[in-house]
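Source file: protein-v7.cif. Holds: mmCIF, C-alpha atoms and all ligand atoms.
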```
data_entry
loop_
_atom_site.label_atom_id
_atom_site.label_comp_id
_atom_site.auth_asym_id
_atom_site.auth_seq_id
_atom_site.Cartn_x
_atom_site.Cartn_y
_atom_site.Cartn_z
CA ASN A 1 -9.21 14.46 20.46
CA GLN A 2 -11.10 14.22 17.19
CA GLN A 3 -11.72 10.65 16.06
CA ILE A 4 -13.36 8.89 13.14
CA LEU A 5 -15.42 5.82 13.96
CA LEU A 6 -16.88 3.19 11.68
CA ASP A 7 -20.57 3.95 12.12
CA ASN A 8 -22.17 1.41 9.75
CA ARG A 9 -21.04 -1.09 7.12
CA PRO A 10 -21.11 -0.38 3.36
CA GLN A 11 -23.71 -2.04 1.15
CA GLY A 12 -21.64 -2.36 -2.04
CA GLU A 13 -19.59 0.80 -2.56
CA ALA A 14 -18.18 2.44 0.57
CA SER A 15 -19.35 6.01 1.26
CA ALA A 16 -18.64 8.90 3.63
CA SER A 17 -21.84 8.10 5.54
CA ASN A 18 -20.23 4.87 6.80
CA PHE A 19 -18.02 7.03 9.06
CA LYS A 20 -18.70 9.34 11.99
CA LEU A 21 -16.58 12.14 13.44
CA VAL A 22 -16.62 12.49 17.24
CA THR A 23 -14.66 14.44 19.84
CA THR A 24 -13.49 12.85 23.10
CA ASP A 25 -11.07 13.58 25.92
CA THR A 26 -7.85 11.57 26.04
CA PRO A 27 -7.77 9.45 29.21
CA ALA A 28 -5.10 9.99 31.90
CA LEU A 29 -2.03 7.79 31.39
CA GLN A 30 -1.61 4.59 33.38
CA GLU A 31 1.75 3.02 34.20
CA GLY A 32 3.37 1.66 30.97
CA GLN A 33 1.31 3.88 28.66
CA VAL A 34 2.40 6.56 26.21
CA LEU A 35 0.43 9.52 24.79
CA VAL A 36 1.19 10.17 21.12
CA ARG A 37 0.22 13.25 19.08
CA HIS A 38 -0.22 12.01 15.52
CA HIS A 39 1.38 14.02 12.74
CA TYR A 40 0.15 11.82 9.88
CA LEU A 41 -2.43 9.09 9.43
CA SER A 42 -1.89 6.50 6.70
CA LEU A 43 -4.81 5.58 4.44
CA ASP A 44 -4.49 2.12 2.91
CA PRO A 45 -6.65 -0.06 0.65
CA TYR A 46 -6.80 -2.90 3.23
CA MET A 47 -9.08 -0.70 5.36
CA ARG A 48 -11.89 -1.28 2.85
CA GLY A 49 -11.84 -5.02 3.64
CA ARG A 50 -12.01 -4.34 7.36
CA MET A 51 -15.22 -2.33 6.88
CA ASN A 52 -17.07 -5.50 5.83
CA GLU A 53 -18.74 -7.85 8.29
CA SER A 54 -17.27 -11.02 6.85
CA LYS A 55 -14.07 -12.36 8.35
CA SER A 56 -11.14 -12.26 5.94
CA TYR A 57 -7.51 -12.86 6.90
CA ALA A 58 -8.16 -10.32 9.68
CA GLN A 59 -11.12 -9.61 11.96
CA PRO A 60 -13.59 -6.95 10.78
CA GLN A 61 -13.31 -3.43 12.18
CA PRO A 62 -15.83 -3.27 15.06
CA LEU A 63 -18.66 -0.76 14.65
CA GLY A 64 -18.57 2.32 16.88
CA GLU A 65 -14.80 2.11 17.37
CA VAL A 66 -11.97 4.26 16.02
CA MET A 67 -11.00 3.12 12.50
CA ILE A 68 -7.81 1.11 12.42
CA GLY A 69 -4.81 2.81 10.80
CA GLY A 70 -1.06 3.36 10.82
CA THR A 71 0.18 6.66 12.27
CA VAL A 72 3.41 8.56 12.84
CA GLY A 73 3.81 11.22 15.48
CA GLU A 74 5.55 12.46 18.57
CA VAL A 75 5.39 11.28 22.16
CA VAL A 76 3.93 14.08 24.29
CA GLU A 77 3.83 12.23 27.61
CA SER A 78 5.23 8.88 28.71
CA ARG A 79 4.88 6.54 31.65
CA HIS A 80 7.00 3.90 29.93
CA ALA A 81 10.77 3.61 30.43
CA LYS A 82 11.53 3.07 26.72
CA PHE A 83 9.73 6.22 25.48
CA ALA A 84 10.26 9.88 26.32
CA ALA A 85 8.47 13.08 25.35
CA GLY A 86 9.78 14.24 21.97
CA ASP A 87 10.45 10.74 20.58
CA LYS A 88 9.27 10.29 16.99
CA VAL A 89 7.28 7.10 16.69
CA VAL A 90 5.38 4.96 14.21
CA GLY A 91 2.43 2.90 15.37
CA MET A 92 -1.15 1.83 14.81
CA GLY A 93 -2.84 4.84 16.40
CA GLY A 94 -5.97 4.81 14.22
CA TRP A 95 -8.03 7.60 12.63
CA GLN A 96 -7.64 10.14 15.43
CA GLU A 97 -5.42 13.02 16.52
CA TYR A 98 -3.98 11.43 19.66
CA SER A 99 -3.62 7.87 20.91
CA VAL A 100 -2.87 6.33 24.27
CA VAL A 101 -0.72 3.28 23.64
CA ASP A 102 0.58 0.44 25.79
CA GLY A 103 4.35 0.80 25.21
CA ASP A 104 4.88 -2.98 25.46
CA ALA A 105 2.12 -4.12 23.09
CA PRO A 106 3.85 -5.96 20.22
CA GLY A 107 3.98 -4.01 16.96
CA MET A 108 2.08 -1.01 18.37
CA LEU A 109 4.82 1.60 18.83
CA ARG A 110 8.35 1.89 17.47
CA LYS A 111 10.82 4.78 17.67
CA VAL A 112 12.12 6.04 14.33
CA ASP A 113 15.08 8.11 13.22
CA THR A 114 14.16 11.17 11.13
CA THR A 115 17.75 12.30 10.41
CA HIS A 116 17.74 11.02 6.80
CA VAL A 117 14.15 9.93 6.29
CA PRO A 118 11.17 12.29 6.75
CA LEU A 119 8.70 11.08 9.37
CA SER A 120 5.83 10.58 6.88
CA HIS A 121 7.87 8.10 4.80
CA TYR A 122 7.66 5.60 7.69
CA LEU A 123 4.04 5.11 6.62
CA GLY A 124 5.00 4.57 2.98
CA ALA A 125 8.28 3.67 1.30
CA VAL A 126 10.08 2.94 4.59
CA GLY A 127 7.03 1.34 6.17
CA MET A 128 4.36 -1.26 5.55
CA PRO A 129 3.82 -0.51 1.83
CA GLY A 130 7.58 -0.58 1.13
CA VAL A 131 7.99 -3.91 2.92
CA THR A 132 5.02 -5.24 0.93
CA ALA A 133 6.81 -4.44 -2.33
CA TRP A 134 10.01 -5.95 -0.98
CA TYR A 135 8.37 -9.20 0.12
CA GLY A 136 6.57 -9.80 -3.17
CA LEU A 137 9.63 -8.99 -5.24
CA VAL A 138 12.33 -10.68 -3.21
CA LYS A 139 10.54 -13.64 -1.65
CA ILE A 140 8.02 -14.53 -4.36
CA ILE A 141 9.19 -13.18 -7.73
CA ASN A 142 12.89 -13.50 -6.84
CA PRO A 143 14.05 -12.07 -10.19
CA LYS A 144 17.37 -12.49 -11.94
CA ALA A 145 19.07 -9.47 -13.51
CA GLY A 146 17.76 -8.92 -17.02
CA GLU A 147 14.34 -10.41 -16.35
CA THR A 148 11.17 -8.40 -17.04
CA VAL A 149 8.86 -7.64 -14.13
CA VAL A 150 5.51 -5.83 -14.24
CA VAL A 151 3.52 -4.09 -11.47
CA SER A 152 -0.01 -2.65 -11.48
CA ALA A 153 -1.02 0.43 -9.43
CA ALA A 154 2.53 1.39 -10.41
CA THR A 155 2.74 4.92 -9.00
CA GLY A 156 1.18 4.12 -5.61
CA ALA A 157 2.93 3.54 -2.32
CA VAL A 158 3.67 -0.12 -3.06
CA GLY A 159 4.25 0.22 -6.81
CA SER A 160 6.80 3.03 -6.54
CA ALA A 161 8.87 1.10 -3.98
CA PHE A 162 8.64 -1.99 -6.18
CA ALA A 163 10.17 -0.07 -9.10
CA ALA A 164 13.19 1.10 -7.10
CA LEU A 165 13.78 -2.38 -5.64
CA ALA A 166 13.46 -4.10 -9.02
CA LYS A 167 15.73 -1.58 -10.78
CA ALA A 168 18.33 -2.19 -8.06
CA ARG A 169 18.25 -5.87 -9.08
CA GLY A 170 18.85 -5.11 -12.76
CA CYS A 171 15.36 -5.91 -14.02
CA ARG A 172 13.40 -4.38 -16.86
CA VAL A 173 10.47 -2.82 -14.98
CA VAL A 174 7.12 -2.08 -16.62
CA GLY A 175 4.28 -0.34 -14.80
CA ILE A 176 0.53 -0.14 -15.35
CA ALA A 177 -1.21 2.99 -14.04
CA GLY A 178 -4.25 5.18 -14.61
CA GLY A 179 -3.80 8.27 -16.79
CA PRO A 180 -1.04 10.03 -18.77
CA GLU A 181 0.22 12.09 -15.84
CA LYS A 182 0.85 9.03 -13.66
CA CYS A 183 2.50 7.15 -16.54
CA LYS A 184 4.81 10.07 -17.37
CA TYR A 185 5.78 10.37 -13.71
CA ALA A 186 6.43 6.61 -13.50
CA VAL A 187 9.01 6.77 -16.27
CA GLU A 188 10.56 10.17 -15.53
CA GLU A 189 10.68 10.07 -11.73
CA LEU A 190 10.29 6.48 -10.55
CA GLY A 191 12.65 4.80 -13.01
CA PHE A 192 10.15 2.56 -14.82
CA ASP A 193 11.35 1.51 -18.28
CA GLU A 194 7.80 1.87 -19.56
CA CYS A 195 4.36 2.51 -18.13
CA ILE A 196 1.05 1.50 -19.72
CA ASP A 197 -2.06 3.63 -19.20
CA TYR A 198 -4.93 1.24 -18.48
CA ARG A 199 -7.48 4.01 -19.00
CA VAL A 200 -6.41 3.99 -22.67
CA HIS A 201 -5.80 0.23 -22.90
CA ASN A 202 -9.06 -0.51 -21.19
CA ASP A 203 -9.84 -4.06 -22.28
CA LEU A 204 -8.07 -7.39 -22.43
CA LYS A 205 -7.13 -7.18 -26.10
CA THR A 206 -5.58 -3.72 -26.10
CA MET A 207 -3.84 -4.30 -22.76
CA ALA A 208 -2.34 -7.58 -24.01
CA LYS A 209 -1.06 -5.76 -27.12
CA ALA A 210 0.44 -2.93 -25.05
CA LEU A 211 2.16 -5.48 -22.79
CA LYS A 212 3.56 -7.30 -25.82
CA ASP A 213 5.12 -4.06 -27.05
CA ALA A 214 6.46 -3.06 -23.62
CA CYS A 215 7.76 -6.55 -22.77
CA PRO A 216 9.38 -7.88 -25.96
CA ASN A 217 11.00 -10.75 -24.03
CA GLY A 218 7.78 -11.71 -22.21
CA ILE A 219 7.01 -11.34 -18.51
CA ASP A 220 9.00 -13.23 -15.86
CA GLY A 221 7.45 -11.69 -12.75
CA TYR A 222 4.22 -9.86 -12.01
CA PHE A 223 3.27 -7.99 -8.84
CA GLU A 224 -0.53 -7.90 -8.81
CA ASN A 225 -2.38 -5.06 -7.08
CA VAL A 226 -5.54 -4.76 -9.18
CA GLY A 227 -7.07 -7.94 -10.67
CA GLY A 228 -9.57 -8.29 -13.53
CA TYR A 229 -8.64 -7.92 -17.19
CA ILE A 230 -5.21 -6.52 -16.30
CA LEU A 231 -4.32 -9.85 -14.68
CA ASP A 232 -5.76 -11.72 -17.66
CA ALA A 233 -3.64 -9.68 -20.07
CA VAL A 234 -0.47 -10.24 -18.04
CA LEU A 235 -1.10 -14.01 -17.91
CA LEU A 236 -1.22 -14.06 -21.72
CA ARG A 237 2.29 -12.58 -21.85
CA THR A 238 3.96 -14.64 -19.13
CA ASN A 239 7.01 -16.74 -19.90
CA ALA A 240 7.23 -20.35 -18.76
CA PHE A 241 7.86 -20.52 -14.99
CA ALA A 242 6.94 -16.88 -14.37
CA ARG A 243 6.15 -15.93 -10.75
CA ILE A 244 3.18 -13.84 -9.68
CA ALA A 245 3.03 -12.16 -6.27
CA LEU A 246 -0.67 -11.68 -5.56
CA CYS A 247 -0.66 -8.67 -3.30
CA GLY A 248 -3.99 -6.93 -3.90
CA MET A 249 -7.09 -6.94 -6.11
CA ILE A 250 -8.33 -3.40 -5.58
CA ALA A 251 -10.67 -3.52 -8.61
CA GLY A 252 -12.88 -5.84 -6.55
CA TYR A 253 -12.76 -4.25 -3.08
CA ASP A 254 -16.26 -2.76 -3.34
CA GLY A 255 -17.63 -6.21 -4.18
CA GLN A 256 -17.18 -6.25 -7.98
CA PRO A 257 -16.72 -9.81 -9.32
CA LEU A 258 -13.28 -10.52 -10.80
CA PRO A 259 -13.57 -13.63 -12.97
CA MET A 260 -10.41 -15.00 -14.57
CA ALA A 261 -10.60 -15.34 -18.37
CA ASN A 262 -8.09 -18.11 -18.92
CA PRO A 263 -6.88 -19.98 -15.81
CA ALA A 264 -5.49 -22.76 -18.04
CA LEU A 265 -2.52 -20.42 -18.66
CA ILE A 266 -1.35 -21.16 -15.12
CA LEU A 267 -0.88 -24.77 -16.20
CA VAL A 268 0.32 -24.15 -19.73
CA ASN A 269 2.98 -21.64 -18.63
CA ARG A 270 3.73 -23.52 -15.33
CA LEU A 271 3.18 -20.34 -13.31
CA LYS A 272 3.71 -19.88 -9.60
CA ILE A 273 1.02 -17.63 -8.08
CA GLU A 274 1.38 -16.83 -4.39
CA GLY A 275 -0.80 -14.59 -2.26
CA PHE A 276 0.69 -13.01 0.87
CA ILE A 277 -0.08 -10.67 3.78
CA VAL A 278 2.90 -8.56 4.76
CA SER A 279 2.06 -8.45 8.47
CA GLU A 280 2.47 -12.24 8.62
CA HIS A 281 6.14 -11.94 7.67
CA MET A 282 7.52 -9.73 10.43
CA ASP A 283 10.83 -11.64 10.24
CA VAL A 284 11.76 -9.90 6.96
CA TRP A 285 10.85 -6.36 8.04
CA PRO A 286 14.28 -5.35 9.41
CA GLU A 287 16.11 -6.48 6.26
CA ALA A 288 13.51 -4.90 3.98
CA LEU A 289 13.37 -1.61 5.92
CA LYS A 290 17.16 -1.37 5.84
CA GLU A 291 17.26 -1.59 2.04
CA LEU A 292 14.27 0.76 1.64
CA GLY A 293 15.80 3.28 4.07
CA THR A 294 19.02 3.27 2.05
CA LEU A 295 17.15 3.74 -1.24
CA VAL A 296 15.27 6.74 0.20
CA GLY A 297 18.32 8.14 2.03
CA THR A 298 20.40 8.05 -1.18
CA GLY A 299 17.63 9.55 -3.32
CA LYS A 300 17.14 6.41 -5.45
CA LEU A 301 13.56 6.19 -4.24
CA ARG A 302 11.80 9.54 -4.05
CA PRO A 303 8.27 8.68 -3.01
CA ARG A 304 5.45 11.05 -3.80
CA GLU A 305 2.68 11.75 -1.28
CA SER A 306 -0.94 12.92 -1.54
CA VAL A 307 -1.71 14.79 1.65
CA ALA A 308 -5.23 15.57 2.87
CA GLN A 309 -5.53 18.14 5.65
CA GLY A 310 -7.19 17.40 9.00
CA ILE A 311 -8.84 14.29 10.42
CA ALA A 312 -12.27 15.29 9.08
CA SER A 313 -10.93 14.90 5.53
CA ALA A 314 -9.95 11.23 6.07
CA PRO A 315 -13.17 9.56 4.78
CA GLU A 316 -13.21 11.45 1.47
CA ALA A 317 -9.46 10.94 1.00
CA PHE A 318 -9.91 7.23 1.69
CA LEU A 319 -12.76 6.88 -0.82
CA GLY A 320 -10.59 8.76 -3.35
CA LEU A 321 -7.74 6.27 -2.79
CA LEU A 322 -10.03 3.41 -3.80
CA LYS A 323 -10.74 5.24 -7.08
CA GLY A 324 -7.16 6.27 -7.90
CA LYS A 325 -7.60 9.95 -6.99
CA ASN A 326 -4.42 9.72 -4.91
CA PHE A 327 -1.07 10.28 -6.61
CA GLY A 328 1.46 8.39 -4.50
CA LYS A 329 1.11 7.47 -0.84
CA GLN A 330 -2.19 8.80 0.61
CA LEU A 331 -1.76 10.49 3.98
CA VAL A 332 -3.79 12.75 6.24
CA LYS A 333 -1.84 15.54 7.95
CA LEU A 334 -3.03 16.11 11.48
CA ILE A 335 -0.81 18.86 12.80
P1 LIG A 401 -1.93 2.89 -3.90
O1 LIG A 401 -1.17 4.05 -3.40
O2 LIG A 401 -1.38 2.12 -5.05
O3 LIG A 401 -3.41 3.37 -4.21
C1 LIG A 401 -4.34 2.53 -4.80
C2 LIG A 401 -4.26 2.64 -6.33
O4 LIG A 401 -4.96 1.57 -6.92
C3 LIG A 401 -4.92 3.87 -6.88
O5 LIG A 401 -4.09 4.99 -6.81
C4 LIG A 401 -5.21 3.46 -8.32
O6 LIG A 401 -4.10 3.80 -9.11
C5 LIG A 401 -5.30 1.93 -8.23
N1 LIG A 401 -6.67 1.49 -8.53
C6 LIG A 401 -7.78 1.70 -7.81
N2 LIG A 401 -8.83 1.13 -8.40
C7 LIG A 401 -8.38 0.56 -9.54
C8 LIG A 401 -8.99 -0.19 -10.58
N3 LIG A 401 -10.30 -0.46 -10.58
N4 LIG A 401 -8.21 -0.63 -11.57
C9 LIG A 401 -6.91 -0.38 -11.59
N5 LIG A 401 -6.27 0.32 -10.63
C10 LIG A 401 -7.00 0.79 -9.62
O7 LIG A 401 -2.17 1.88 -2.70
P2 LIG A 401 -1.08 0.97 -1.99
O8 LIG A 401 0.23 1.14 -2.66
O9 LIG A 401 -1.17 1.22 -0.54
O10 LIG A 401 -1.63 -0.50 -2.26
C11 LIG A 401 -1.49 -1.11 -3.53
C12 LIG A 401 -2.06 -2.52 -3.48
O11 LIG A 401 -1.34 -3.30 -2.53
C13 LIG A 401 -3.53 -2.60 -3.05
O12 LIG A 401 -4.17 -3.59 -3.83
C14 LIG A 401 -3.44 -3.06 -1.60
O13 LIG A 401 -4.58 -3.74 -1.17
C15 LIG A 401 -2.23 -3.96 -1.67
N6 LIG A 401 -1.55 -4.20 -0.40
C16 LIG A 401 -1.43 -5.49 0.03
C17 LIG A 401 -0.73 -5.79 1.17
C18 LIG A 401 -0.54 -7.23 1.55
O14 LIG A 401 -0.01 -7.51 2.62
N7 LIG A 401 -0.93 -8.17 0.72
C19 LIG A 401 -0.16 -4.73 2.01
C20 LIG A 401 -0.29 -3.40 1.45
C21 LIG A 401 -0.98 -3.16 0.29
P3 LIG A 401 -4.28 4.18 -10.67
O15 LIG A 401 -4.81 5.57 -10.72
O16 LIG A 401 -2.95 4.02 -11.26
O17 LIG A 401 -5.28 3.20 -11.17
#
```

In structure tokens, how does this file's structure come out?
Amino acid sequence: NQQILLDNRPQGEASASNFKLVTTDTPALQEGQVLVRHHYLSLDPYMRGRMNESKSYAQPQPLGEVMIGGTVGEVVESRHAKFAAGDKVVGMGGWQEYSVVDGDAPGMLRKVDTTHVPLSHYLGAVGMPGVTAWYGLVKIINPKAGETVVVSAATGAVGSAFAALAKARGCRVVGIAGGPEKCKYAVEELGFDECIDYRVHNDLKTMAKALKDACPNGIDGYFENVGGYILDAVLLRTNAFARIALCGMIAGYDGQPLPMANPALILVNRLKIEGFIVSEHMDVWPEALKELGTLVGTGKLRPRESVAQGIASAPEAFLGLLKGKNFGKQLVKLI
């Protein structure tokens, strides 16, 4: 069983030398345990926060242990009544090829149906990132039909699900993404009404102008994934009583400061800004997953995936994700 451990913590920018590849034997199963062969590992921006020492909303990843991570795979052996060999499952197996899981541990292992939804999508559109988009849109932004909503990191796992969910509610949906290829894809494949390339509009002034053109009626809802001048530019274009779901600030995950240019706009425009962590809202997951499953099953949400091959490729693929080298949900294929 090849595994990737967190070997040491990053000083500033994360690098491949923070990780270590090791090979171990999988232990024999005890009563109640299940052995899972992972087909895909999910790489997600939150993992960068776990690499730091400081406590955030979650405990840091311990050094010398297998990196935390979502996985999908197949049960190869079971000593738990609810799981049988051949079951397809989603869980938190970590950066490794196999995991031994306690079948009763809450949130650790769940059987999934791959009749209409490919297994890998349970790590993306019909998994944690999809529910994240759903929560921010439905529970925080709560848009009315005809309103304008904006999302940054628009073509990623969360952003692409956000677009499908917002279109289903009759919104005008504007994305912000890096590069012409991603922006073209956002409009042609993901259903965005417009997508702004922040590599072209790379300061507050030009981004604010691009948003004005793309959102002639102003912005009623914003789903924030990035932070920095993009947030500042959106704030300038918000309508009174706009709602902002603060989901991520990836531009600062390697420790870059993200000052806010004009916080007085929160007062002037009477904005609601709410941060959230999707794993603290398990009560909405069934409802959200049902809608996301239907959108994928009916072809209204066709998520794109970036797939790295083999567990040894996980560190580089993860570092690439933090720099926008991924195009869609970043996965590592393990089988
Ligand atoms: P993505 O698939 O969107 O990948 C990350 C993307 O972020 C990159 O592809 C890149 O897209 C963009 N990006 C990276 N650096 C920058 C930068 N400096 N400026 C602008 N854009 C940048 O990842 P996810 O969909 O998994 O996650 C999206 C966001 O949601 C993240 O901020 C993540 O932390 C957050 N999140 C929060 C959760 C919560 O519970 N609050 C749960 C899950 C995710 P591009 O090339 O277009 O710039």

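Comparing A:Asp254, A:Asp25, A:Asp102, A:Glu77 by their smallest distance to ligand LIG 401 (chain A), the closest is A:Asp254 (using all atoms listed in the file).
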
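With atom CA of Leu265 of chain A on one side and atom CA of Tyr229 of chain A on the other, the separation reads 14.0 Å.
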
Which residues of chain A have any atom within 6 Å of an atom in ligand LIG 401 (chain A) when counting all atoms listed in the file, and what is the closest pair of atoms for each, with the distance in Å to one decimal? Order the rows by chain and rising number and write it as JSON lines.
```
{"residue": "A:Asp44", "atom": "CA", "partner": "A:LIG401", "partner_atom": "O9", "distance": 4.9}
{"residue": "A:Pro45", "atom": "CA", "partner": "A:LIG401", "partner_atom": "O13", "distance": 4.6}
{"residue": "A:Tyr46", "atom": "CA", "partner": "A:LIG401", "partner_atom": "O13", "distance": 5.0}
{"residue": "A:Pro129", "atom": "CA", "partner": "A:LIG401", "partner_atom": "C20", "distance": 5.0}
{"residue": "A:Thr132", "atom": "CA", "partner": "A:LIG401", "partner_atom": "C19", "distance": 5.3}
{"residue": "A:Ala153", "atom": "CA", "partner": "A:LIG401", "partner_atom": "O16", "distance": 4.5}
{"residue": "A:Gly156", "atom": "CA", "partner": "A:LIG401", "partner_atom": "O1", "distance": 3.2}
{"residue": "A:Ala157", "atom": "CA", "partner": "A:LIG401", "partner_atom": "O8", "distance": 3.6}
{"residue": "A:Val158", "atom": "CA", "partner": "A:LIG401", "partner_atom": "O8", "distance": 3.7}
{"residue": "A:Gly159", "atom": "CA", "partner": "A:LIG401", "partner_atom": "O8", "distance": 5.9}
{"residue": "A:Ala177", "atom": "CA", "partner": "A:LIG401", "partner_atom": "O16", "distance": 3.4}
{"residue": "A:Gly178", "atom": "CA", "partner": "A:LIG401", "partner_atom": "O16", "distance": 3.8}
{"residue": "A:Asn225", "atom": "CA", "partner": "A:LIG401", "partner_atom": "O12", "distance": 4.0}
{"residue": "A:Val226", "atom": "CA", "partner": "A:LIG401", "partner_atom": "C9", "distance": 5.2}
{"residue": "A:Cys247", "atom": "CA", "partner": "A:LIG401", "partner_atom": "N7", "distance": 4.1}
{"residue": "A:Gly248", "atom": "CA", "partner": "A:LIG401", "partner_atom": "O12", "distance": 3.3}
{"residue": "A:Met249", "atom": "CA", "partner": "A:LIG401", "partner_atom": "O12", "distance": 5.0}
{"residue": "A:Ile250", "atom": "CA", "partner": "A:LIG401", "partner_atom": "O12", "distance": 4.5}
{"residue": "A:Ala251", "atom": "CA", "partner": "A:LIG401", "partner_atom": "N3", "distance": 3.7}
{"residue": "A:Phe276", "atom": "CA", "partner": "A:LIG401", "partner_atom": "N7", "distance": 5.1}
{"residue": "A:Ile277", "atom": "CA", "partner": "A:LIG401", "partner_atom": "O14", "distance": 3.4}
{"residue": "A:Val278", "atom": "CA", "partner": "A:LIG401", "partner_atom": "O14", "distance": 3.8}
{"residue": "A:Leu321", "atom": "CA", "partner": "A:LIG401", "partner_atom": "O3", "distance": 5.4}
{"residue": "A:Leu322", "atom": "CA", "partner": "A:LIG401", "partner_atom": "C6", "distance": 4.9}
{"residue": "A:Lys323", "atom": "CA", "partner": "A:LIG401", "partner_atom": "C6", "distance": 4.7}
{"residue": "A:Gly324", "atom": "CA", "partner": "A:LIG401", "partner_atom": "C3", "distance": 3.4}
{"residue": "A:Asn326", "atom": "CA", "partner": "A:LIG401", "partner_atom": "O5", "distance": 5.1}
{"residue": "A:Gly328", "atom": "CA", "partner": "A:LIG401", "partner_atom": "O1", "distance": 5.2}
{"residue": "A:Lys329", "atom": "CA", "partner": "A:LIG401", "partner_atom": "O1", "distance": 4.8}
```

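Each of A:Trp285, A:His39, A:Gly73, A:Ala16 was compared to Ala317 of chain A using all atoms listed in the file, and A:Ala16 turns out to be the nearest.
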
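Of the residues listed (A:Pro303, A:Gly297, A:Gly227, A:Pro216), A:Pro303 shows the shortest atom-to-atom separation from Phe327 of chain A; distances use all atoms listed in the file.
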
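Taking only C-alpha atoms into account, Lys212 of chain A lies nearest to A:Val150 out of the set A:Met51, A:Val150, A:Leu267, A:Val187.
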
Considering all atoms listed in the file, return as a PDB file with C-alpha atoms, keeping the file's coordinate frame whatever protein or nucleic-acid residues lie within 10 Å of Ala84 of chain A, sequence-local ones (same chain, fewer than 3 positions apart) excluded.
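As a result, result-v2.pdb now contains:
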```pdb
ATOM      1  CA  VAL A  34       2.400   6.560  26.210  1.00  0.00           C
ATOM      2  CA  LEU A  35       0.430   9.520  24.790  1.00  0.00           C
ATOM      3  CA  GLU A  74       5.550  12.460  18.570  1.00  0.00           C
ATOM      4  CA  VAL A  75       5.390  11.280  22.160  1.00  0.00           C
ATOM      5  CA  VAL A  76       3.930  14.080  24.290  1.00  0.00           C
ATOM      6  CA  GLU A  77       3.830  12.230  27.610  1.00  0.00           C
ATOM      7  CA  SER A  78       5.230   8.880  28.710  1.00  0.00           C
ATOM      8  CA  ARG A  79       4.880   6.540  31.650  1.00  0.00           C
ATOM      9  CA  HIS A  80       7.000   3.900  29.930  1.00  0.00           C
ATOM     10  CA  ALA A  81      10.770   3.610  30.430  1.00  0.00           C
ATOM     11  CA  ASP A  87      10.450  10.740  20.580  1.00  0.00           C
ATOM     12  CA  LYS A  88       9.270  10.290  16.990  1.00  0.00           C
TER      13      LYS A  88
END
```

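Nearest to Val307 of chain A of all the residues A:Ile266, A:Leu43, A:Ile4, A:Val234 is A:Leu43, based on only C-alpha atoms.
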
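Distance annotation: of A:Ala288, A:Leu301, A:Met282, A:Met260, the residue with the minimal separation from Ala186 of chain A is A:Leu301; atom set is all atoms listed in the file.
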
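Between atom CA of Ala85 of chain A and atom CA of Val36 of chain A the separation is 8.9 Å.
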
- request: Write out as number ranges by chain each polymer residue whose atoms come within 8 Å of Ala308 of chain A, counting only C-alpha atoms; drop sequence neighbours fewer than 5 positions from it.
  value: A: 313-314, 317, 330-333

For Trp95 of chain A, work out the shell of residues within 9 Å, counting all atoms listed in the file and skipping chain neighbours fewer than 2 positions away, then give it as a compact mmCIF listing (two decimals) with C-alpha atoms, in the frame of the given file.
```txt
# COMPACT_ATOMS: atom_id res chain seq x y z
CA GLN A 2 -11.10 14.22 17.19
CA GLN A 3 -11.72 10.65 16.06
CA ILE A 4 -13.36 8.89 13.14
CA LEU A 5 -15.42 5.82 13.96
CA LEU A 41 -2.43 9.09 9.43
CA SER A 42 -1.89 6.50 6.70
CA VAL A 66 -11.97 4.26 16.02
CA MET A 67 -11.00 3.12 12.50
CA ILE A 68 -7.81 1.11 12.42
CA GLY A 69 -4.81 2.81 10.80
CA GLY A 70 -1.06 3.36 10.82
CA THR A 71 0.18 6.66 12.27
CA GLY A 93 -2.84 4.84 16.40
CA GLU A 97 -5.42 13.02 16.52
CA TYR A 98 -3.98 11.43 19.66
CA ILE A 311 -8.84 14.29 10.42
CA ALA A 314 -9.95 11.23 6.07
```

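The space separating atom CA of Gly275 of chain A from atom CA of Met207 of chain A comes to 23.1 Å.
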
Could you tell me, as a PDB file with C-alpha atoms, in the frame of the given file, which residues have any atom at most 9 Å from (-15.8, -5.0, 5.3), counting all atoms listed in the file?
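Here's the written file part.pdb:
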```pdb
ATOM      1  CA  ARG A   9     -21.040  -1.090   7.120  1.00  0.00           C
ATOM      2  CA  PRO A  10     -21.110  -0.380   3.360  1.00  0.00           C
ATOM      3  CA  MET A  47      -9.080  -0.700   5.360  1.00  0.00           C
ATOM      4  CA  ARG A  48     -11.890  -1.280   2.850  1.00  0.00           C
ATOM      5  CA  GLY A  49     -11.840  -5.020   3.640  1.00  0.00           C
ATOM      6  CA  ARG A  50     -12.010  -4.340   7.360  1.00  0.00           C
ATOM      7  CA  MET A  51     -15.220  -2.330   6.880  1.00  0.00           C
ATOM      8  CA  ASN A  52     -17.070  -5.500   5.830  1.00  0.00           C
ATOM      9  CA  GLU A  53     -18.740  -7.850   8.290  1.00  0.00           C
ATOM     10  CA  SER A  54     -17.270 -11.020   6.850  1.00  0.00           C
ATOM     11  CA  LYS A  55     -14.070 -12.360   8.350  1.00  0.00           C
ATOM     12  CA  SER A  56     -11.140 -12.260   5.940  1.00  0.00           C
ATOM     13  CA  PRO A  60     -13.590  -6.950  10.780  1.00  0.00           C
ATOM     14  CA  GLN A  61     -13.310  -3.430  12.180  1.00  0.00           C
ATOM     15  CA  TYR A 253     -12.760  -4.250  -3.080  1.00  0.00           C
ATOM     16  CA  ASP A 254     -16.260  -2.760  -3.340  1.00  0.00           C
TER      17      ASP A 254
END
```

12 Å contact set for Asn202 of chain A, only C-alpha atoms, chain neighbours under 6 positions out, as a list in words: Ile176, Ala177, Gly178, Gly179, Ile196, Ala208, Lys209, Ala210, Gly228, Tyr229, Ile230 and Ala233 of chain A
